[in-house]
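Visitor: Have a peek at data.cif (mmCIF, C-alpha atoms).
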data_upload
#
loop_
_atom_site.label_atom_id
_atom_site.label_comp_id
_atom_site.auth_asym_id
_atom_site.auth_seq_id
_atom_site.Cartn_x
_atom_site.Cartn_y
_atom_site.Cartn_z
CA MET A 1 -66.09 -8.20 -7.92
CA GLU A 2 -62.27 -8.51 -7.95
CA LEU A 3 -60.18 -5.35 -8.46
CA GLY A 4 -56.80 -6.77 -7.52
CA GLU A 5 -55.01 -7.87 -4.38
CA PRO A 6 -53.55 -5.03 -2.27
CA ASN A 7 -50.25 -5.46 -0.46
CA PRO A 8 -50.17 -5.11 3.36
CA LYS A 9 -49.41 -1.36 3.28
CA GLN A 10 -52.21 -0.73 0.81
CA LYS A 11 -54.55 -2.77 3.01
CA ALA A 12 -53.63 -0.51 5.93
CA PHE A 13 -54.38 2.52 3.73
CA PHE A 14 -57.78 1.10 2.77
CA ALA A 15 -58.68 0.29 6.39
CA ALA A 16 -57.50 3.57 7.97
CA LYS A 17 -60.23 5.47 9.79
CA GLU A 18 -58.47 8.77 10.52
CA LYS A 19 -59.75 11.94 8.87
CA TYR A 20 -56.42 12.58 7.11
CA VAL A 21 -54.49 9.55 5.87
CA ALA A 22 -51.16 9.91 4.04
CA TYR A 23 -49.55 7.03 2.17
CA GLY A 24 -46.13 6.78 0.56
CA GLY A 25 -42.59 7.91 1.11
CA ALA A 26 -40.42 6.12 -1.44
CA ARG A 27 -41.11 5.79 -5.15
CA GLY A 28 -42.77 2.64 -6.41
CA GLY A 29 -44.91 2.01 -3.33
CA GLY A 30 -48.14 1.61 -5.32
CA LYS A 31 -49.68 4.96 -4.36
CA SER A 32 -51.73 5.75 -7.46
CA TRP A 33 -53.19 2.23 -7.61
CA ALA A 34 -54.22 2.56 -3.97
CA VAL A 35 -55.94 5.88 -4.68
CA ARG A 36 -57.87 4.52 -7.64
CA MET A 37 -58.97 1.33 -5.91
CA LYS A 38 -59.95 3.09 -2.68
CA ALA A 39 -62.06 5.60 -4.61
CA ILE A 40 -63.85 2.88 -6.60
CA ASP A 41 -64.43 0.70 -3.53
CA SER A 42 -65.84 3.65 -1.54
CA ALA A 43 -68.14 4.68 -4.41
CA LEU A 44 -69.59 1.19 -4.61
CA ARG A 45 -69.83 0.81 -0.83
CA TYR A 46 -71.69 4.07 -0.08
CA PRO A 47 -74.58 5.03 -2.42
CA GLY A 48 -74.61 8.71 -3.27
CA LEU A 49 -70.97 9.25 -2.26
CA ARG A 50 -69.24 12.27 -3.81
CA GLU A 51 -65.51 11.85 -4.34
CA LEU A 52 -62.79 14.04 -5.83
CA ILE A 53 -59.34 12.96 -6.99
CA VAL A 54 -56.91 15.85 -7.50
CA ARG A 55 -53.50 16.18 -9.14
CA ARG A 56 -51.48 19.33 -9.81
CA THR A 57 -51.72 19.24 -13.62
CA TYR A 58 -54.21 17.74 -16.03
CA PRO A 59 -51.66 15.63 -17.98
CA GLU A 60 -50.56 13.99 -14.71
CA LEU A 61 -54.19 13.44 -13.77
CA GLU A 62 -55.02 11.94 -17.15
CA HIS A 63 -52.11 9.50 -17.35
CA SER A 64 -51.89 8.43 -13.71
CA ILE A 65 -55.52 8.51 -12.63
CA ILE A 66 -58.21 8.92 -15.31
CA TRP A 67 -57.12 6.37 -17.94
CA PRO A 68 -56.17 3.61 -15.46
CA THR A 69 -59.40 4.18 -13.50
CA LEU A 70 -61.52 3.90 -16.64
CA ALA A 71 -59.62 0.77 -17.68
CA THR A 72 -60.47 -0.84 -14.34
CA LEU A 73 -64.13 0.14 -14.52
CA ARG A 74 -64.48 -1.12 -18.09
CA SER A 75 -62.76 -4.42 -17.29
CA GLN A 76 -65.87 -5.50 -15.39
CA GLU A 77 -69.01 -6.85 -17.04
CA PRO A 78 -71.11 -4.83 -17.08
CA PRO A 79 -68.86 -1.74 -16.65
CA LEU A 80 -68.98 -0.41 -13.11
CA GLY A 81 -69.61 3.20 -14.07
CA ILE A 82 -70.21 5.65 -16.92
CA TYR A 83 -67.63 8.32 -17.66
CA ARG A 84 -68.93 11.79 -18.51
CA ALA A 85 -65.95 13.32 -20.29
CA MET A 86 -67.28 16.89 -20.30
CA LYS A 87 -67.68 16.77 -16.53
CA ARG A 88 -64.59 14.57 -15.98
CA THR A 89 -66.78 12.51 -13.72
CA VAL A 90 -67.58 8.84 -13.33
CA GLU A 91 -71.22 8.16 -12.45
CA PHE A 92 -72.20 4.91 -10.71
CA GLU A 93 -75.59 3.22 -10.79
CA ASN A 94 -76.02 3.76 -7.03
CA GLY A 95 -75.69 7.54 -7.41
CA SER A 96 -72.04 7.81 -6.33
CA THR A 97 -69.63 9.93 -8.37
CA ILE A 98 -65.87 10.30 -8.74
CA ARG A 99 -64.77 13.63 -10.14
CA PHE A 100 -61.26 14.14 -11.53
CA GLY A 101 -59.75 17.58 -10.99
CA HIS A 102 -56.46 19.38 -11.35
CA LEU A 103 -55.48 22.19 -9.02
CA ALA A 104 -53.30 24.59 -10.96
CA ALA A 105 -52.28 28.03 -9.70
CA GLY A 106 -55.29 30.31 -9.66
CA ASN A 107 -58.12 27.78 -9.94
CA LEU A 108 -58.56 26.95 -6.24
CA GLY A 109 -61.80 28.94 -6.20
CA GLU A 110 -63.33 26.46 -8.64
CA TYR A 111 -63.63 23.93 -5.81
CA LEU A 112 -64.39 26.03 -2.76
CA GLY A 113 -68.17 26.18 -3.11
CA GLN A 114 -68.51 22.45 -3.66
CA GLU A 115 -69.07 19.57 -1.25
CA TYR A 116 -67.32 16.20 -1.16
CA ASP A 117 -67.39 13.20 1.13
CA ARG A 118 -63.94 11.92 0.16
CA ILE A 119 -61.01 13.81 -1.34
CA PHE A 120 -57.82 12.22 -2.68
CA LEU A 121 -54.81 14.56 -2.98
CA ASP A 122 -52.42 12.59 -5.16
CA GLU A 123 -48.74 13.65 -4.85
CA ALA A 124 -49.63 15.95 -1.96
CA THR A 125 -46.14 17.47 -1.71
CA GLN A 126 -46.88 19.30 -4.96
CA PHE A 127 -49.44 21.41 -3.08
CA THR A 128 -49.09 24.16 -0.49
CA GLU A 129 -50.50 23.81 3.01
CA ARG A 130 -53.02 26.54 2.22
CA GLU A 131 -54.31 24.53 -0.75
CA PHE A 132 -54.53 21.43 1.44
CA ARG A 133 -56.52 23.27 4.11
CA MET A 134 -58.81 25.01 1.62
CA MET A 135 -59.59 21.73 -0.11
CA ALA A 136 -60.20 20.05 3.26
CA ALA A 137 -62.84 22.71 3.94
CA THR A 138 -64.96 21.19 1.14
CA LEU A 139 -65.33 17.94 3.11
CA ARG A 140 -68.96 18.48 4.04
CA GLY A 141 -72.50 17.47 3.13
CA THR A 142 -75.61 15.69 4.35
CA LEU A 143 -74.65 12.11 3.53
CA LYS A 144 -74.06 10.18 6.76
CA VAL A 145 -70.60 8.76 6.03
CA PRO A 146 -67.18 9.38 7.62
CA ARG A 147 -65.56 12.22 5.66
CA ARG A 148 -61.92 11.64 4.91
CA MET A 149 -59.02 13.06 2.96
CA TYR A 150 -56.44 10.68 1.53
CA LEU A 151 -53.00 11.89 0.51
CA THR A 152 -50.14 10.23 -1.32
CA CYS A 153 -46.67 11.69 -1.10
CA ASN A 154 -42.94 11.46 -1.74
CA PRO A 155 -40.23 13.63 -0.16
CA GLY A 156 -39.63 16.90 -1.99
CA GLY A 157 -41.74 19.53 -3.66
CA VAL A 158 -43.32 22.75 -2.47
CA GLY A 159 -45.36 20.90 0.16
CA HIS A 160 -42.52 18.84 1.62
CA GLN A 161 -42.40 20.80 4.86
CA TRP A 162 -46.06 20.70 5.89
CA VAL A 163 -46.53 17.04 4.91
CA LYS A 164 -43.44 16.11 6.91
CA ARG A 165 -44.56 18.15 9.92
CA LEU A 166 -48.07 16.70 10.09
CA PHE A 167 -47.60 13.10 9.03
CA VAL A 168 -43.96 12.14 9.55
CA ASP A 169 -42.79 14.25 12.50
CA ARG A 170 -46.31 14.55 13.97
CA ARG A 171 -45.71 18.03 15.32
CA PHE A 172 -49.06 19.73 15.66
CA LYS A 173 -50.01 23.27 16.43
CA GLY A 174 -53.10 25.29 17.22
CA ARG A 175 -56.31 23.32 16.85
CA GLU A 176 -54.79 20.44 14.89
CA LYS A 177 -55.80 17.13 16.46
CA PRO A 178 -53.14 14.37 16.46
CA GLU A 179 -55.76 11.62 16.38
CA GLU A 180 -56.97 12.86 12.97
CA TYR A 181 -53.65 12.21 11.18
CA ARG A 182 -52.02 8.97 10.12
CA PHE A 183 -49.01 8.20 7.96
CA ILE A 184 -48.51 4.81 6.28
CA PRO A 185 -44.92 4.58 4.97
CA ALA A 186 -44.27 2.45 1.92
CA THR A 187 -41.20 1.44 -0.08
CA VAL A 188 -40.74 -0.29 -3.40
CA GLU A 189 -40.23 -3.60 -1.54
CA ASP A 190 -43.87 -3.40 -0.45
CA ASN A 191 -44.97 -3.42 -4.09
CA LYS A 192 -44.34 -7.05 -5.06
CA ALA A 193 -46.36 -6.66 -8.26
CA LEU A 194 -44.08 -3.89 -9.54
CA LEU A 195 -40.90 -5.77 -8.70
CA ALA A 196 -42.22 -8.89 -10.43
CA ALA A 197 -43.15 -6.96 -13.57
CA SER A 198 -40.08 -4.64 -13.58
CA PRO A 199 -37.24 -6.20 -11.54
CA GLU A 200 -34.84 -3.59 -12.95
CA TYR A 201 -36.74 -0.74 -11.23
CA LEU A 202 -34.96 -1.33 -7.93
CA GLU A 203 -31.56 -1.00 -9.62
CA THR A 204 -32.76 2.20 -11.32
CA LEU A 205 -33.49 3.72 -7.93
CA GLU A 206 -30.16 2.58 -6.49
CA LEU A 207 -28.27 4.38 -9.28
CA LEU A 208 -29.81 7.77 -8.54
CA PRO A 209 -27.59 10.55 -7.09
CA GLU A 210 -27.23 10.22 -3.33
CA ASP A 211 -29.58 13.04 -2.27
CA ILE A 212 -32.29 11.91 -4.69
CA ARG A 213 -31.75 8.23 -3.90
CA ARG A 214 -32.30 8.70 -0.19
CA GLY A 215 -35.70 10.24 -0.86
CA HIS A 216 -36.90 8.16 -3.80
CA ARG A 217 -35.43 4.80 -2.80
CA TYR A 218 -35.86 4.86 0.98
CA GLY A 219 -38.43 7.60 1.56
CA ASP A 220 -35.98 9.65 3.66
CA TRP A 221 -37.81 12.87 4.57
CA GLY A 222 -34.57 14.49 5.75
CA VAL A 223 -33.39 14.96 2.17
CA PHE A 224 -35.10 15.23 -1.19
CA ALA A 225 -34.47 15.98 -4.86
CA GLY A 226 -33.97 19.71 -5.38
CA GLN A 227 -33.03 20.46 -1.76
CA TYR A 228 -30.89 23.61 -1.84
CA PHE A 229 -28.93 22.96 1.34
CA SER A 230 -28.43 19.23 0.82
CA GLU A 231 -25.26 19.49 2.91
CA PHE A 232 -27.34 20.36 6.00
CA ASP A 233 -27.23 17.46 8.47
CA PRO A 234 -29.09 17.87 11.78
CA ARG A 235 -26.62 15.49 13.42
CA LEU A 236 -23.82 17.89 12.53
CA HIS A 237 -25.42 21.32 12.40
CA VAL A 238 -27.91 21.18 15.30
CA GLY A 239 -26.96 21.10 18.96
CA LYS A 240 -27.91 22.19 22.45
CA LEU A 241 -26.07 25.50 22.76
CA GLY A 242 -27.81 27.19 25.68
CA PRO A 243 -27.16 30.89 26.43
CA PRO A 244 -24.46 32.69 24.43
CA LYS A 245 -20.93 32.13 25.69
CA PRO A 246 -19.09 35.10 27.23
CA GLU A 247 -16.31 34.84 24.65
CA TRP A 248 -18.68 35.11 21.67
CA THR A 249 -19.17 38.31 19.71
CA LEU A 250 -22.91 38.73 19.26
CA TYR A 251 -24.87 39.79 16.20
CA ARG A 252 -28.39 39.67 14.77
CA GLY A 253 -29.84 39.36 11.28
CA ILE A 254 -33.38 40.43 10.38
CA ASP A 255 -35.83 40.20 7.52
CA TYR A 256 -38.83 42.47 7.90
CA GLY A 257 -42.18 43.02 6.22
CA LEU A 258 -45.73 43.35 7.47
CA ASP A 259 -46.25 39.70 6.53
CA MET A 260 -43.38 38.55 8.77
CA LEU A 261 -40.63 39.70 11.07
CA ALA A 262 -37.83 37.16 11.19
CA CYS A 263 -34.77 37.61 13.36
CA VAL A 264 -31.87 35.35 14.33
CA TRP A 265 -29.38 35.94 17.13
CA PHE A 266 -25.94 34.44 16.68
CA GLY A 267 -22.52 34.46 18.23
CA MET A 268 -19.08 34.23 16.66
CA ASP A 269 -16.20 32.50 18.44
CA SER A 270 -12.51 33.34 18.10
CA GLU A 271 -12.12 30.81 15.27
CA GLY A 272 -14.92 32.35 13.21
CA ARG A 273 -17.58 29.71 13.84
CA MET A 274 -21.17 30.92 13.96
CA TYR A 275 -23.68 29.74 16.57
CA VAL A 276 -27.37 30.62 16.14
CA TYR A 277 -28.84 30.56 19.63
CA ARG A 278 -32.22 32.31 19.30
CA GLU A 279 -34.85 33.05 16.66
CA VAL A 280 -38.25 34.69 16.30
CA GLN A 281 -40.85 34.74 13.55
CA GLU A 282 -43.91 36.93 14.06
CA PRO A 283 -46.36 38.19 11.42
CA GLY A 284 -48.39 41.39 11.31
CA LEU A 285 -46.09 43.73 13.25
CA VAL A 286 -45.50 47.39 12.41
CA VAL A 287 -41.90 48.54 12.74
CA SER A 288 -42.25 49.87 16.30
CA GLU A 289 -43.76 46.57 17.43
CA ALA A 290 -41.06 44.58 15.62
CA ALA A 291 -38.31 46.63 17.26
CA ARG A 292 -39.88 46.25 20.69
CA LEU A 293 -40.16 42.48 20.30
CA ILE A 294 -36.49 42.19 19.29
CA ARG A 295 -35.45 44.27 22.30
CA GLU A 296 -37.66 42.25 24.66
CA LEU A 297 -36.13 39.00 23.43
CA THR A 298 -32.59 40.30 23.90
CA PRO A 299 -31.80 40.05 27.64
CA ALA A 300 -29.93 42.77 29.46
CA GLY A 301 -26.24 42.05 29.28
CA GLU A 302 -26.30 40.66 25.75
CA ASN A 303 -24.20 43.23 23.96
CA VAL A 304 -25.18 42.83 20.33
CA LEU A 305 -22.52 44.38 18.12
CA ALA A 306 -24.68 44.84 15.01
CA THR A 307 -28.00 43.90 13.42
CA ALA A 308 -27.82 43.16 9.69
CA ALA A 309 -30.70 44.20 7.43
CA PRO A 310 -31.32 44.39 3.66
CA PRO A 311 -31.20 47.66 1.63
CA ASP A 312 -34.98 47.90 1.17
CA LEU A 313 -35.33 49.00 4.80
CA TRP A 314 -33.51 52.19 3.82
CA SER A 315 -36.16 53.12 1.24
CA THR A 316 -38.16 56.27 2.00
CA GLN A 317 -41.82 55.62 2.77
CA LYS A 318 -44.25 57.72 0.75
CA ASP A 319 -46.68 58.28 3.60
CA SER A 320 -44.17 59.38 6.25
CA GLY A 321 -41.09 60.45 4.32
CA ARG A 322 -39.02 58.30 6.68
CA THR A 323 -37.26 55.00 6.26
CA MET A 324 -37.97 51.79 8.16
CA GLU A 325 -34.31 51.90 9.21
CA ASN A 326 -35.06 55.22 10.95
CA LEU A 327 -38.02 53.66 12.73
CA PHE A 328 -36.03 50.62 13.87
CA ALA A 329 -33.29 52.91 15.23
CA GLN A 330 -35.89 54.99 17.02
CA GLY A 331 -37.23 51.76 18.52
CA GLY A 332 -33.81 50.89 19.92
CA VAL A 333 -32.69 48.49 17.17
CA PRO A 334 -30.23 50.32 14.92
CA LEU A 335 -29.42 48.47 11.73
CA VAL A 336 -26.37 47.84 9.56
CA ARG A 337 -27.04 47.72 5.85
CA VAL A 338 -25.74 44.66 3.99
CA SER A 339 -26.07 43.46 0.44
CA SER A 340 -29.27 41.73 -0.64
CA ALA A 341 -27.41 39.72 -3.31
CA ARG A 342 -29.14 36.38 -2.98
CA VAL A 343 -26.68 33.94 -4.50
CA ALA A 344 -23.69 35.39 -2.65
CA GLY A 345 -25.63 35.16 0.60
CA TRP A 346 -26.69 31.56 0.08
CA ILE A 347 -23.14 30.58 -0.86
CA ALA A 348 -21.92 32.21 2.37
CA ILE A 349 -24.28 29.90 4.29
CA LYS A 350 -23.16 26.88 2.27
CA GLU A 351 -19.53 27.70 3.10
CA ARG A 352 -20.36 27.78 6.79
CA LEU A 353 -22.14 24.43 6.60
CA ARG A 354 -18.97 22.76 5.32
CA PRO A 355 -17.00 20.91 8.00
CA GLY A 356 -13.47 22.14 8.59
CA SER A 357 -10.35 20.02 8.70
CA ASP A 358 -11.29 18.92 12.22
CA GLY A 359 -14.78 17.86 11.08
CA THR A 360 -16.50 20.76 12.85
CA PRO A 361 -18.82 22.91 10.69
CA GLY A 362 -18.75 26.70 10.61
CA LEU A 363 -22.43 26.96 11.55
CA VAL A 364 -24.28 25.31 14.44
CA ILE A 365 -27.92 26.03 15.29
CA ASP A 366 -29.50 25.56 18.70
CA GLU A 367 -32.14 22.84 18.77
CA SER A 368 -34.73 25.38 19.94
CA CYS A 369 -34.55 27.27 16.63
CA ARG A 370 -37.03 24.97 14.92
CA GLY A 371 -38.10 27.47 12.28
CA LEU A 372 -34.59 27.98 10.92
CA ILE A 373 -33.74 24.28 11.10
CA GLU A 374 -36.86 23.23 9.22
CA ASN A 375 -36.90 26.01 6.65
CA LEU A 376 -33.22 25.70 5.70
CA GLN A 377 -33.91 22.07 4.90
CA ALA A 378 -37.09 22.92 2.98
CA LEU A 379 -35.54 25.43 0.56
CA ARG A 380 -35.41 24.16 -3.01
CA TYR A 381 -33.35 25.12 -6.03
CA SER A 382 -34.88 27.71 -8.34
CA GLU A 383 -35.87 26.32 -11.74
CA ARG A 384 -34.99 29.66 -13.33
CA ASN A 385 -31.59 30.06 -11.68
CA PRO A 386 -29.99 26.86 -10.37
CA SER A 387 -27.54 28.95 -8.31
CA ASP A 388 -30.41 30.49 -6.36
CA CYS A 389 -33.13 28.98 -4.20
CA ASP A 390 -36.83 29.13 -4.99
CA VAL A 391 -38.79 31.97 -3.42
CA LYS A 392 -41.84 29.73 -2.95
CA PRO A 393 -43.39 28.91 -0.64
CA HIS A 394 -42.66 32.43 0.58
CA ALA A 395 -43.46 31.62 4.21
CA ILE A 396 -40.33 29.49 4.61
CA THR A 397 -37.89 32.07 3.22
CA HIS A 398 -38.05 34.81 5.89
CA ILE A 399 -35.96 33.22 8.63
CA CYS A 400 -33.48 31.92 6.03
CA ASP A 401 -33.14 35.44 4.62
CA ALA A 402 -32.43 36.74 8.13
CA LEU A 403 -29.55 34.26 8.43
CA ARG A 404 -28.36 35.19 4.93
CA TYR A 405 -28.14 38.85 5.88
CA GLY A 406 -26.34 37.99 9.11
CA CYS A 407 -23.74 36.00 7.19
CA GLN A 408 -22.95 39.10 5.12
CA LEU A 409 -21.96 41.31 8.04
CA PRO A 410 -18.24 42.25 8.18
CA LEU A 411 -17.72 39.59 10.86
CA GLY A 412 -14.36 39.53 12.50
CA GLY A 413 -13.22 42.77 10.92
CA GLY A 414 -13.18 44.21 7.43
CA SER A 415 -16.06 46.09 5.86
CA ALA A 416 -19.23 45.17 4.01
CA GLU A 417 -19.88 46.76 0.66
CA PRO A 418 -23.48 47.92 0.29
CA GLU A 419 -25.28 47.05 -2.89
CA ASP A 420 -25.26 50.58 -4.34
CA GLY A 421 -21.76 51.50 -3.17
CA GLY A 422 -23.05 53.94 -0.55
CA ALA A 423 -22.01 54.22 3.05
CA LEU A 424 -22.49 51.18 5.23
CA GLY A 425 -23.61 53.27 8.18
CA TYR A 426 -22.70 53.06 11.84
CA ILE A 427 -22.13 49.98 13.92
CA TYR A 428 -23.95 50.36 17.21
CA TYR A 429 -22.92 48.66 20.42
CA GLY A 430 -25.34 47.25 22.93
CA MET A 431 -29.10 47.51 22.52
#
Represent the structure contained in this file as structure tokens.
Guide:
Amino acid sequence: MELGEPNPKQKAFFAAKEKYVAYGGARGGGKSWAVRMKAIDSALRYPGLRELIVRRTYPELEHSIIWPTLATLRSQEPPLGIYRAMKRTVEFENGSTIRFGHLAAGNLGEYLGQEYDRIFLDEATQFTEREFRMMAATLRGTLKVPRRMYLTCNPGGVGHQWVKRLFVDRRFKGREKPEEYRFIPATVEDNKALLAASPEYLETLELLPEDIRRGHRYGDWGVFAGQYFSEFDPRLHVGKLGPPKPEWTLYRGIDYGLDMLACVWFGMDSEGRMYVYREVQEPGLVVSEAARLIRELTPAGENVLATAAPPDLWSTQKDSGRTMENLFAQGGVPLVRVSSARVAGWIAIKERLRPGSDGTPGLVIDESCRGLIENLQALRYSERNPSDCDVKPHAITHICDALRYGCQLPLGGGSAEPEDGGALGYIYYGM
């Protein structure tokens, strides 16, 4: 049986033996064809194999996966499988099946009680890390075959950050095993069949706007379509700062909720440049614990002039009749109230990212602050308000919000106007 000749990158994808295999990068690398052919080949190779191919929406699934897969199966004589439209499943004579599914918001539970031997997550950056992990938990069963999850991906989307971390940067945490992950990069040049059929496609990619072109044409994971802070350049905005300099004026910015405490420490030099030299992100802390952690991470001798926080920390709690601001102050971390206006805060960060006349930017982040560096780059434009950034995935916004609040302090003099026109409050010196 002949299903087509794969290019070298697709051959590497087919032959990969890791549990999690990601393929792609640039547009036009032949990802969907590789998914379809790998699924068919596996179904024919292992009798009784249960496979699932997933896309985010059904129209995408239908046009990119279902129809082309059925066309391939029906091109053989006799047809390789029977399609059961009601089940969205192809059944093979040897008992193997390929199910087609779409994972929209709210229907994750539909898959969790099922078992699969192979799962294909097509356009994986459209999914959250939680969805990836929950789907991976369905890789189980009694059939004695290697269970694998295959992903295809391009830079950008809600899942950009976790795909980049695991497969491109290979930075693992917890119980993640490096030997289980493999990334096979591909560009349009690898897809000779596409270039032969559509030679103008390469020129189409070259004419894209610079930020989009770098991701779609070259598979550059440092920039992608929809990136909010596209001006962020690690070569310019990340450095090895070390401890705060004696001449800096020191501040903090925090974002707090039970789901996450995020805090950044930064210094301001005499020319108004900001240097972020420390960060923390810690979930599940009550206010007293959050305040204690901030104090413990601030060494004696670091005289922090002010800690910026959003107005919601001044809201009275129904159970205690106190505000979280009161509790932070009691814990030794008095706060200064700043505006929570999102767009103004993001623009303040954008202004600091711009290089001055001497080529030096107004914001530099220490290389140890990995959370802030990664999450600033992962923020995307909001579809509802192009001037704002998207609030999803929520996990990446906390540390960015902390920086946003810090940028709205009355740095270098002046006064900050609170959102409701009330009093700003006191500026506390020291701890």
Visitor: Between atom CA of A:Tyr150 and atom CA of A:Lys173, measure the distance and give it in Å to one decimal.
Guide: 20.5 Å
Visitor: Measuring between all atoms listed in the file, which one of A:Cys153, A:Val276, A:Leu73, A:Met135 shows the shortest distance to A:Leu363?
Guide: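 Smallest distance to A:Leu363 is found for A:Val276.
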Visitor: Determine the residue set returned by the PyMOL selection byres ((chain A and resi 43) around 10) for the present structure, and present it as a PyMOL selection string.
Guide: chain A and resi 37-42+44-51+81+90-98+118
Visitor: Taking into account only C-alpha atoms, which residue in the set A:Leu121, A:Pro68, A:Gly24, A:Gln408 is nearest to A:Arg182?
Guide: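 For A:Arg182, the nearest of the candidates is A:Gly24.
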Visitor: Could you tell me which residues the PyMOL selection byres ((chain A and resi 299-314) around 7) returns for this structure, as a VMD selection string?
Guide: chain A and resid 250 to 255 296 to 298 315 to 316 323 to 325 334 to 340 405 to 406 409 427 to 431
Visitor: Tell me which of A:Asp122, A:Glu231, A:Glu62, A:Glu180 sits closest to A:Asn154, counting only C-alpha atoms.
Guide: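 Answer, going by the shortest atom-to-atom distance: A:Asp122.
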Visitor: Check the smallest atom-to-atom distance from each of A:Arg171, A:Lys11, A:Arg99, A:Arg133 to A:Met149 using all atoms listed in the file, then report the winner.
Guide: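 Of A:Arg171, A:Lys11, A:Arg99, A:Arg133, the one nearest A:Met149, counting all atoms listed in the file, is A:Arg133.
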Visitor: Choose the residue, out of A:Ile184, A:Leu166, A:Leu52, A:Val343, that has the smallest atom-to-atom separation from A:Pro386; count all atoms listed in the file.
Guide: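 For A:Pro386, the nearest of the candidates is A:Val343.
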Visitor: For atom CA of A:Ser32 and atom CA of A:Thr138, determine how far apart the two atoms are, in Å to one decimal place.
Guide: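 Those two atoms sit 22.1 Å apart.
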Visitor: Taking (-60.9, 18.9, -5.2) in the file's coordinates, which residues come within 9 Å, counting only C-alpha atoms, written as a PyMOL selection string?
Guide: chain A and resi 51-55+99-103+108+110-112+114+116+119-121+135-136+138
